[in-house]
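input_0.txt (compact mmCIF, C-alpha atoms)
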```txt
# COMPACT_ATOMS: atom_id res chain seq x y z
CA MET A 110 75.05 135.81 121.40
CA GLY A 111 75.47 132.90 118.95
CA LEU A 112 73.26 130.19 120.39
CA VAL A 113 70.03 129.52 122.18
CA ARG A 114 69.61 126.95 124.93
CA LEU A 115 66.60 125.89 126.93
CA ARG A 116 65.45 124.53 130.24
CA SER A 117 61.91 123.82 131.43
CA VAL A 118 60.04 126.56 133.29
CA PRO A 119 56.36 127.31 133.94
CA LEU A 120 54.38 128.12 130.81
CA GLY A 121 53.72 131.69 131.87
CA VAL A 122 57.42 132.44 131.98
CA ALA A 123 58.12 130.65 128.71
CA GLY A 124 55.60 132.75 126.82
CA ALA A 125 57.64 135.90 127.39
CA PHE A 126 60.47 134.58 125.32
CA GLY A 127 58.46 134.27 122.10
CA LEU A 128 60.71 133.13 119.31
CA LEU A 129 63.67 132.48 121.57
CA ILE A 130 63.00 128.78 121.83
CA ILE A 131 65.32 126.10 120.63
CA VAL A 132 66.44 122.60 121.03
CA ALA A 133 68.88 119.90 120.25
CA LEU A 134 69.36 116.38 121.42
CA THR A 135 70.06 115.91 125.12
CA ALA A 136 71.98 112.69 124.58
CA SER A 137 74.18 114.14 121.85
CA VAL A 138 75.90 111.03 120.54
CA ARG A 139 73.45 108.34 121.56
CA SER A 140 73.40 106.69 118.11
CA PHE A 141 77.18 106.74 117.63
CA ALA A 142 80.15 105.29 119.42
CA ALA A 143 81.14 107.20 122.53
CA PRO A 144 83.95 109.63 121.58
CA SER A 145 87.19 110.00 123.44
CA ALA A 146 87.91 113.31 125.15
CA LEU A 147 88.49 116.21 122.79
CA PRO A 148 92.16 117.15 122.43
CA ALA A 149 92.96 120.63 123.69
CA TRP A 150 93.85 122.04 120.25
CA LEU A 151 90.44 120.98 118.90
CA GLN A 152 88.54 122.16 121.96
CA ALA A 153 89.98 125.62 121.26
CA HIS A 154 87.86 125.76 118.07
CA VAL A 155 84.60 125.07 119.92
CA GLY A 156 82.22 128.00 120.15
CA ASP A 157 79.28 129.65 118.50
CA SER A 158 80.95 132.52 116.65
CA ASP A 159 81.53 132.42 112.90
CA GLY A 160 84.42 130.10 112.10
CA GLN A 161 83.94 128.05 115.29
CA ILE A 162 82.09 124.75 115.67
CA SER A 163 79.36 124.24 118.25
CA GLN A 164 80.01 121.55 120.85
CA VAL A 165 77.17 119.18 119.94
CA VAL A 166 78.02 119.31 116.23
CA LEU A 167 81.66 118.44 116.87
CA GLU A 168 80.80 115.69 119.34
CA ARG A 169 78.48 113.96 116.89
CA ALA A 170 80.79 114.40 113.90
CA ARG A 171 83.77 113.06 115.82
CA ALA A 172 81.82 110.12 117.24
CA LEU A 173 80.67 109.14 113.75
CA TYR A 174 84.22 109.35 112.41
CA LEU A 175 85.72 107.30 115.26
CA LYS A 176 83.00 104.69 114.82
CA LYS A 177 83.75 104.29 111.11
CA VAL A 178 87.50 104.19 111.74
CA ALA A 179 87.00 101.45 114.35
CA GLN A 180 84.90 99.50 111.83
CA GLY A 181 87.64 99.79 109.23
CA ALA A 182 85.34 101.72 106.89
CA VAL A 183 87.49 104.88 106.97
CA THR A 184 91.26 105.40 106.81
CA ASN A 185 91.13 109.04 105.73
CA PRO A 186 92.85 111.23 108.38
CA CYS A 187 90.18 113.92 108.00
CA TYR A 188 86.43 114.16 108.51
CA PHE A 189 83.69 116.71 107.85
CA ALA A 190 80.82 118.37 109.69
CA MET A 191 78.15 120.90 108.80
CA ASP A 192 75.93 123.02 111.03
CA ALA A 193 72.86 123.85 108.94
CA THR A 194 71.34 125.90 111.78
CA ARG A 195 73.87 128.67 111.14
CA PRO A 196 73.38 131.45 108.59
CA GLY A 197 74.86 130.95 105.15
CA ASP A 198 74.95 134.68 104.39
CA LEU A 199 76.15 137.21 106.97
CA GLY A 200 75.44 140.22 104.74
CA ASN A 201 77.68 142.67 102.89
CA GLY A 202 79.05 139.88 100.75
CA VAL A 203 80.34 137.87 103.73
CA LEU A 204 79.42 134.19 103.79
CA GLY A 205 78.91 132.25 107.00
CA ARG A 206 81.44 129.50 107.64
CA ARG A 207 79.42 126.48 108.71
CA TYR A 208 81.14 123.53 107.01
CA TYR A 209 84.12 122.07 108.84
CA VAL A 210 87.16 120.13 107.66
CA ILE A 211 88.88 118.49 110.63
CA CYS A 212 92.17 116.57 110.40
CA GLU A 213 93.21 115.51 113.89
CA ALA A 214 96.48 113.84 112.90
CA SER A 215 97.82 117.16 111.60
CA GLN A 216 95.85 119.26 114.12
CA SER A 217 94.14 121.07 111.24
CA PHE A 218 90.72 122.76 111.48
CA HIS A 219 89.13 124.78 108.68
CA ALA A 220 85.68 126.37 108.54
CA ILE A 221 84.31 127.24 105.10
CA ALA A 222 81.05 128.39 103.50
CA SER A 223 78.47 125.92 102.24
CA GLY A 224 75.02 126.08 100.69
CA HIS A 225 71.83 124.51 102.05
CA GLY A 226 68.80 122.95 100.40
CA GLY A 227 66.46 125.56 98.96
CA GLY A 228 63.31 123.46 99.29
CA ARG A 229 60.27 124.24 97.12
CA ASN A 230 57.10 126.31 97.11
CA LEU A 231 54.32 124.22 95.60
CA LYS A 232 52.06 127.21 95.07
CA GLY A 233 48.52 126.65 96.19
CA THR A 234 49.50 123.44 97.98
CA VAL A 235 52.38 123.76 100.45
CA ASP A 236 55.45 125.94 100.92
CA PHE A 237 58.59 124.28 102.29
CA SER A 238 61.10 126.66 100.73
CA ASN A 239 64.13 128.19 102.44
CA GLY A 240 65.63 131.65 102.25
CA ARG A 241 69.22 132.30 101.26
CA ARG A 242 70.40 133.13 104.79
CA CYS A 243 68.83 130.51 107.04
CA SER A 244 67.19 127.10 106.74
CA LYS A 245 63.73 126.75 108.24
CA ASN A 246 62.68 123.56 106.46
CA PHE A 247 64.52 120.23 106.43
CA GLY A 248 63.56 116.84 105.05
CA ASN A 249 64.42 113.63 103.23
CA ALA A 250 61.65 113.38 100.60
CA MET A 251 62.45 112.71 96.96
CA ASP A 252 62.31 115.88 94.83
CA SER A 253 61.98 118.07 97.93
CA GLU A 254 65.34 119.84 97.45
CA LEU A 255 65.72 119.92 101.25
CA THR A 256 68.74 119.26 103.45
CA ALA A 257 68.49 116.15 105.62
CA GLY A 258 70.70 116.03 108.70
CA GLY A 259 72.46 112.91 109.93
CA ALA A 260 75.36 110.60 109.20
CA TYR A 261 76.92 110.35 105.74
CA MET A 262 79.90 108.78 104.01
CA THR A 263 81.56 110.32 100.95
CA ARG A 264 81.71 107.95 98.00
CA GLU A 265 82.65 108.02 94.31
CA ALA A 266 83.52 111.13 92.34
CA LYS A 267 81.71 111.72 89.05
CA THR A 268 82.89 114.41 86.63
CA SER A 269 80.39 115.61 84.02
CA PHE A 270 80.60 117.98 81.08
CA LYS A 271 77.94 120.69 81.47
CA GLY A 272 78.75 122.89 78.48
CA PHE A 273 81.01 125.74 77.39
CA TYR A 274 81.22 129.27 78.74
CA ARG A 275 82.99 132.44 77.70
CA THR A 276 86.28 133.22 79.51
CA GLY A 277 87.52 136.15 77.41
CA ALA A 278 87.30 137.78 74.01
CA LYS A 279 86.08 134.89 71.82
CA GLN A 280 87.70 132.41 74.22
CA ASP A 281 85.60 129.56 75.57
CA ALA A 282 86.24 126.88 78.18
CA ALA A 283 84.55 123.58 78.94
CA PHE A 284 82.74 123.47 82.26
CA LEU A 285 83.45 120.14 83.94
CA ARG A 286 81.89 119.75 87.38
CA THR A 287 82.83 116.98 89.80
CA PHE A 288 80.15 115.56 92.08
CA ILE A 289 80.98 113.56 95.23
CA GLN A 290 78.18 111.08 95.94
CA PHE A 291 77.10 110.70 99.58
CA ASP A 292 75.67 107.58 101.20
CA GLY A 293 73.55 108.29 104.26
CA GLU A 294 72.27 106.36 107.24
CA GLY A 295 68.92 106.33 109.01
CA GLU A 296 66.67 109.09 107.73
CA ALA A 297 69.40 110.04 105.25
CA ALA A 298 69.62 106.49 103.87
CA ASN A 299 68.03 107.54 100.56
CA ALA A 300 70.80 110.04 99.79
CA ARG A 301 71.90 108.10 96.71
CA GLN A 302 68.36 107.87 95.37
CA ARG A 303 67.98 111.63 95.95
CA VAL A 304 71.39 112.22 94.25
CA ILE A 305 72.65 114.01 97.35
CA GLY A 306 76.35 114.82 97.46
CA GLY A 307 78.86 117.63 97.32
CA HIS A 308 80.03 119.82 94.44
CA ALA A 309 81.22 123.29 93.50
CA ALA A 310 78.55 125.98 93.71
CA GLN A 311 78.63 126.66 89.97
CA VAL A 312 76.08 126.23 87.20
CA LEU A 313 75.57 127.28 83.59
CA ARG A 314 72.61 129.58 82.96
CA THR A 315 70.97 131.05 79.83
CA MET A 316 71.82 127.96 77.82
CA CYS A 317 71.85 127.70 74.04
CA MET A 318 73.45 125.45 71.41
CA ARG A 319 76.45 126.60 69.38
CA LYS A 320 77.83 125.11 66.17
CA THR A 321 81.25 123.65 67.02
CA PRO A 322 81.66 120.53 64.85
CA ASN A 323 85.33 120.02 65.73
CA SER A 324 84.65 119.74 69.47
CA SER A 325 84.90 116.31 71.08
CA TYR A 326 81.71 117.25 73.00
CA ALA A 327 79.70 118.02 69.85
CA ASP A 328 76.52 116.05 69.18
CA HIS A 329 75.62 114.39 65.88
CA ASP A 330 74.63 117.80 64.50
CA GLY A 331 77.94 119.38 65.49
CA LEU A 332 76.35 121.37 68.33
CA VAL A 333 77.59 121.94 71.88
CA PRO A 334 75.75 123.55 74.84
CA PHE A 335 76.88 127.04 75.76
CA GLY A 336 75.93 129.23 78.73
CA LYS A 337 76.92 131.77 81.33
CA LEU A 338 78.90 130.43 84.30
CA VAL A 339 77.27 131.47 87.57
CA GLU A 340 78.68 130.95 91.07
CA TYR A 341 76.33 130.72 94.04
CA ALA A 342 78.63 129.92 96.97
CA GLY A 343 76.72 130.30 100.22
CA GLY A 344 73.40 130.19 98.43
CA ARG A 345 70.82 127.45 98.07
CA SER A 346 71.15 124.05 96.43
CA ASN A 347 68.83 121.20 95.48
CA GLY A 348 69.60 119.55 98.81
CA CYS A 349 73.28 118.94 98.14
CA THR A 350 76.28 120.38 99.97
CA SER A 351 77.87 123.03 97.75
CA TRP A 352 81.18 124.87 98.19
CA SER A 353 83.12 127.64 96.47
CA PRO A 354 85.12 126.37 93.47
CA ALA A 355 88.44 126.70 95.36
CA ASP A 356 87.13 124.89 98.44
CA ALA A 357 85.49 122.23 96.27
CA ARG A 358 88.78 121.41 94.57
CA GLN A 359 90.50 120.88 97.92
CA ILE A 360 87.69 118.80 99.41
CA ILE A 361 87.31 116.62 96.33
CA SER A 362 91.05 115.94 96.26
CA MET A 363 90.87 114.88 99.92
CA VAL A 364 88.12 112.29 99.46
CA LYS A 365 88.60 111.04 95.91
CA ASP A 366 89.28 107.29 96.28
CA ASN A 367 89.58 107.83 100.05
CA PRO A 368 86.13 108.09 101.68
CA THR A 369 85.43 109.76 104.98
CA THR A 370 82.48 110.80 107.15
CA LEU A 371 80.25 113.84 107.08
CA TYR A 372 77.85 114.69 109.88
CA ILE A 373 75.15 117.27 109.15
CA TYR A 374 73.30 118.91 112.03
CA PRO A 375 70.33 119.02 112.83
CA GLU A 376 68.51 115.70 112.64
CA SER A 377 64.73 115.37 112.74
CA ARG A 378 64.85 114.56 116.46
CA ASP A 379 66.51 117.92 117.12
CA ILE A 380 63.91 119.74 115.06
CA ALA A 381 60.96 117.86 116.54
CA ALA A 382 61.97 118.91 120.03
CA VAL A 383 61.01 122.50 119.19
CA ALA A 384 57.38 121.49 119.73
CA GLN A 385 58.30 120.30 123.19
CA ALA A 386 60.20 123.51 123.85
CA ALA A 387 57.13 125.51 122.87
CA LYS A 388 55.26 123.93 125.77
CA GLY A 389 57.43 125.75 128.26
CA HIS A 390 61.16 126.46 128.14
CA SER A 391 63.44 129.42 128.68
CA LEU A 392 67.02 130.26 127.86
CA SER A 393 69.70 128.39 129.76
CA SER A 394 73.46 128.17 129.39
CA ASP A 395 73.49 124.39 129.76
CA GLY A 396 70.55 123.36 127.58
CA PRO A 397 70.34 122.10 123.98
CA TYR A 398 71.52 124.13 120.99
CA TRP A 399 70.34 126.06 117.92
CA ASN A 400 71.86 129.11 116.28
CA ALA A 401 70.16 132.19 117.76
CA SER A 402 70.26 134.59 114.81
CA CYS A 403 68.68 132.09 112.44
CA LEU A 404 66.09 131.08 115.03
CA LYS A 405 64.95 134.68 115.35
CA GLU A 406 64.57 134.81 111.58
CA ILE A 407 62.73 131.52 110.99
CA GLY A 408 60.64 131.36 114.18
CA ALA A 409 60.96 127.58 114.47
CA PRO A 410 62.33 124.93 112.10
CA LYS A 411 60.33 122.08 110.61
CA PHE A 412 61.24 118.59 109.42
CA TRP A 413 59.22 117.16 106.54
CA PRO A 414 59.35 113.32 106.59
CA ARG A 415 59.29 111.58 103.24
CA LYS A 416 56.18 109.52 104.10
CA ILE A 417 54.21 112.76 104.39
CA LEU A 418 55.84 114.98 101.80
CA GLU A 419 56.43 112.53 98.93
CA PRO A 420 52.70 111.87 98.33
CA ILE A 421 52.08 115.63 98.33
CA ILE A 422 54.84 116.20 95.76
CA ALA A 423 53.60 113.29 93.64
CA GLN A 424 50.04 114.64 93.63
CA TYR A 425 51.29 118.13 92.78
CA LYS A 426 53.21 116.73 89.80
CA LYS A 427 50.08 114.91 88.67
CA ASP A 428 47.97 118.06 88.98
CA HIS A 429 50.63 120.28 87.40
CA PRO A 430 52.32 118.22 84.67
CA ALA A 431 55.55 119.67 83.37
CA PRO A 432 55.40 120.98 79.78
CA PRO A 433 57.19 118.89 77.15
CA ALA A 434 60.94 119.41 77.13
CA GLN A 435 62.01 121.90 74.51
CA PRO A 436 65.36 121.80 72.69
CA LEU A 437 67.81 124.54 73.56
CA PRO A 438 67.74 127.46 71.12
CA ILE A 439 70.59 128.07 68.73
CA CYS A 440 73.01 130.69 70.09
CA LYS A 441 73.03 134.12 68.55
CA GLU A 442 76.67 134.69 67.65
CA PRO A 443 78.20 137.83 69.27
```

As structure tokens, how would this structure be written, given the file I've shared?
Amino acid sequence: MGLVRLRSVPLGVAGAFGLLIIVALTASVRSFAAPSALPAWLQAHVGDSDGQISQVVLERARALYLKKVAQGAVTNPCYFAMDATRPGDLGNGVLGRRYYVICEASQSFHAIASGHGGGRNLKGTVDFSNGRRCSKNFGNAMDSELTAGGAYMTREAKTSFKGFYRTGAKQDAAFLRTFIQFDGEGEAANARQRVIGGHAAQVLRTMCMRKTPNSSYADHDGLVPFGKLVEYAGGRSNGCTSWSPADARQIISMVKDNPTTLYIYPESRDIAAVAQAAKGHSLSSDGPYWNASCLKEIGAPKFWPRKILEPIIAQYKKDHPAPPAQPLPICKEP
């Protein structure tokens, strides 16, 4: 069973279902333009198994795309969706496919893995962190490292040099990572300020500085950063959408200089309805949606609005000032 749906019942009955409560919006595309009927080839991909897209997620993503096309804001033949209620890690090295690339003109549908915001544990204050498999906490606060659902547009691509890494016996390569900036709407409107976007799930760890005076990336002392390249596809991010390096290359090539839409489910209104469900609901085949396996794991999701969480984070920073930044150590040559 891949989803949970609810309908109202007496409280005594609802209590027997414990954690099996869930919700999504009853008017699924109320804030977007009304979508046309799904074409049959696309409807065939609707479902709640891995690699399929749940109905409400597709409806909202498609409505957002059609709205932006009608406004003349998008000419890209493809659009994106993400279902952050699904598991990112299915176990045994298998990643959950919960990010969708949909190109209706070519009748193309692809489901791929994607990371979710890891959140943070402000020890002694508040814990809004997420596990690797499922997201429990969502939000739009600065420095929260949480995923915020809603409507986004892909924007400019920025490629940055992160350092060098070892590729073979005394062979090094420059790590250049491209970041696609997102602009959000509504509760996700501060995506640019939060530096929320999409990129390959790669990072350099165990950094040090190596003497390479002939490198074009060398600083005034002839030093370049050097580290170990780590991939974390399907893991947690700082709130961004992250993909495997191969998937990232394809997605970036699709949207570079040709923006499109991304809809991320769930929004705060979907999450908030869990409180209403707790007052008395039971499973139903025609009710709102959340992924069942993740719901069993997290109990119930929570949305952290910026007006509440940002003051908490700011006070925590004040009470726990970061130590002065230290220069990277000089590499010990192998």

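For the choices A:Tyr188, A:Trp399, A:Tyr208, A:Phe247, the atom-to-atom distance to Trp413 of chain A is smallest for A:Phe247 when using only C-alpha atoms.
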
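Between Met318 of chain A and the candidates A:Val210, A:Ile439, A:Leu418, A:Ala222, the tightest atom-to-atom separation, counting all atoms listed in the file, involves A:Ile439.
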
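Counting from atom CA of Asn249 of chain A, the distance to atom CA of Arg415 of chain A is 5.5 Å.
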
Handout entry: Near-Lys411 of chain A list (12 Å; all atoms listed in the file; drop same-chain fewer than 6 positions) as a PyMOL selection string
Key = chain A and resi 131+194+228+236-239+244-249+255-257+375-384+404

For those residues, write C-alpha atoms to a file as a short mmCIF file (atom, residue, chain, number, x, y, z; two decimals), keeping the file's coordinate frame.
```
data_model
loop_
_atom_site.label_atom_id
_atom_site.label_comp_id
_atom_site.auth_asym_id
_atom_site.auth_seq_id
_atom_site.Cartn_x
_atom_site.Cartn_y
_atom_site.Cartn_z
CA ILE A 131 65.32 126.10 120.63
CA THR A 194 71.34 125.90 111.78
CA GLY A 228 63.31 123.46 99.29
CA ASP A 236 55.45 125.94 100.92
CA PHE A 237 58.59 124.28 102.29
CA SER A 238 61.10 126.66 100.73
CA ASN A 239 64.13 128.19 102.44
CA SER A 244 67.19 127.10 106.74
CA LYS A 245 63.73 126.75 108.24
CA ASN A 246 62.68 123.56 106.46
CA PHE A 247 64.52 120.23 106.43
CA GLY A 248 63.56 116.84 105.05
CA ASN A 249 64.42 113.63 103.23
CA LEU A 255 65.72 119.92 101.25
CA THR A 256 68.74 119.26 103.45
CA ALA A 257 68.49 116.15 105.62
CA PRO A 375 70.33 119.02 112.83
CA GLU A 376 68.51 115.70 112.64
CA SER A 377 64.73 115.37 112.74
CA ARG A 378 64.85 114.56 116.46
CA ASP A 379 66.51 117.92 117.12
CA ILE A 380 63.91 119.74 115.06
CA ALA A 381 60.96 117.86 116.54
CA ALA A 382 61.97 118.91 120.03
CA VAL A 383 61.01 122.50 119.19
CA ALA A 384 57.38 121.49 119.73
CA LEU A 404 66.09 131.08 115.03
#
```

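As for atom CA of Glu419 of chain A and atom CA of Lys267 of chain A, they are spaced 27.2 Å apart.
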
Exercise for the section: Compile the contact shell of Ala153 of chain A as an MDAnalysis selection string: residues with an atom at most 12 Å away, counting all atoms listed in the file, same-chain residues fewer than 5 positions apart removed. Expected result: chainID A and resid 147:148 160:164 167 216:218

Handout entry: Residue neighbourhood Asp198 of chain A, 10 Å, only C-alpha atoms, exclusion window fewer than 3 positions, as an MDAnalysis selection string
Key = chainID A and resid 195 201:206 222:224 241:243 342:344
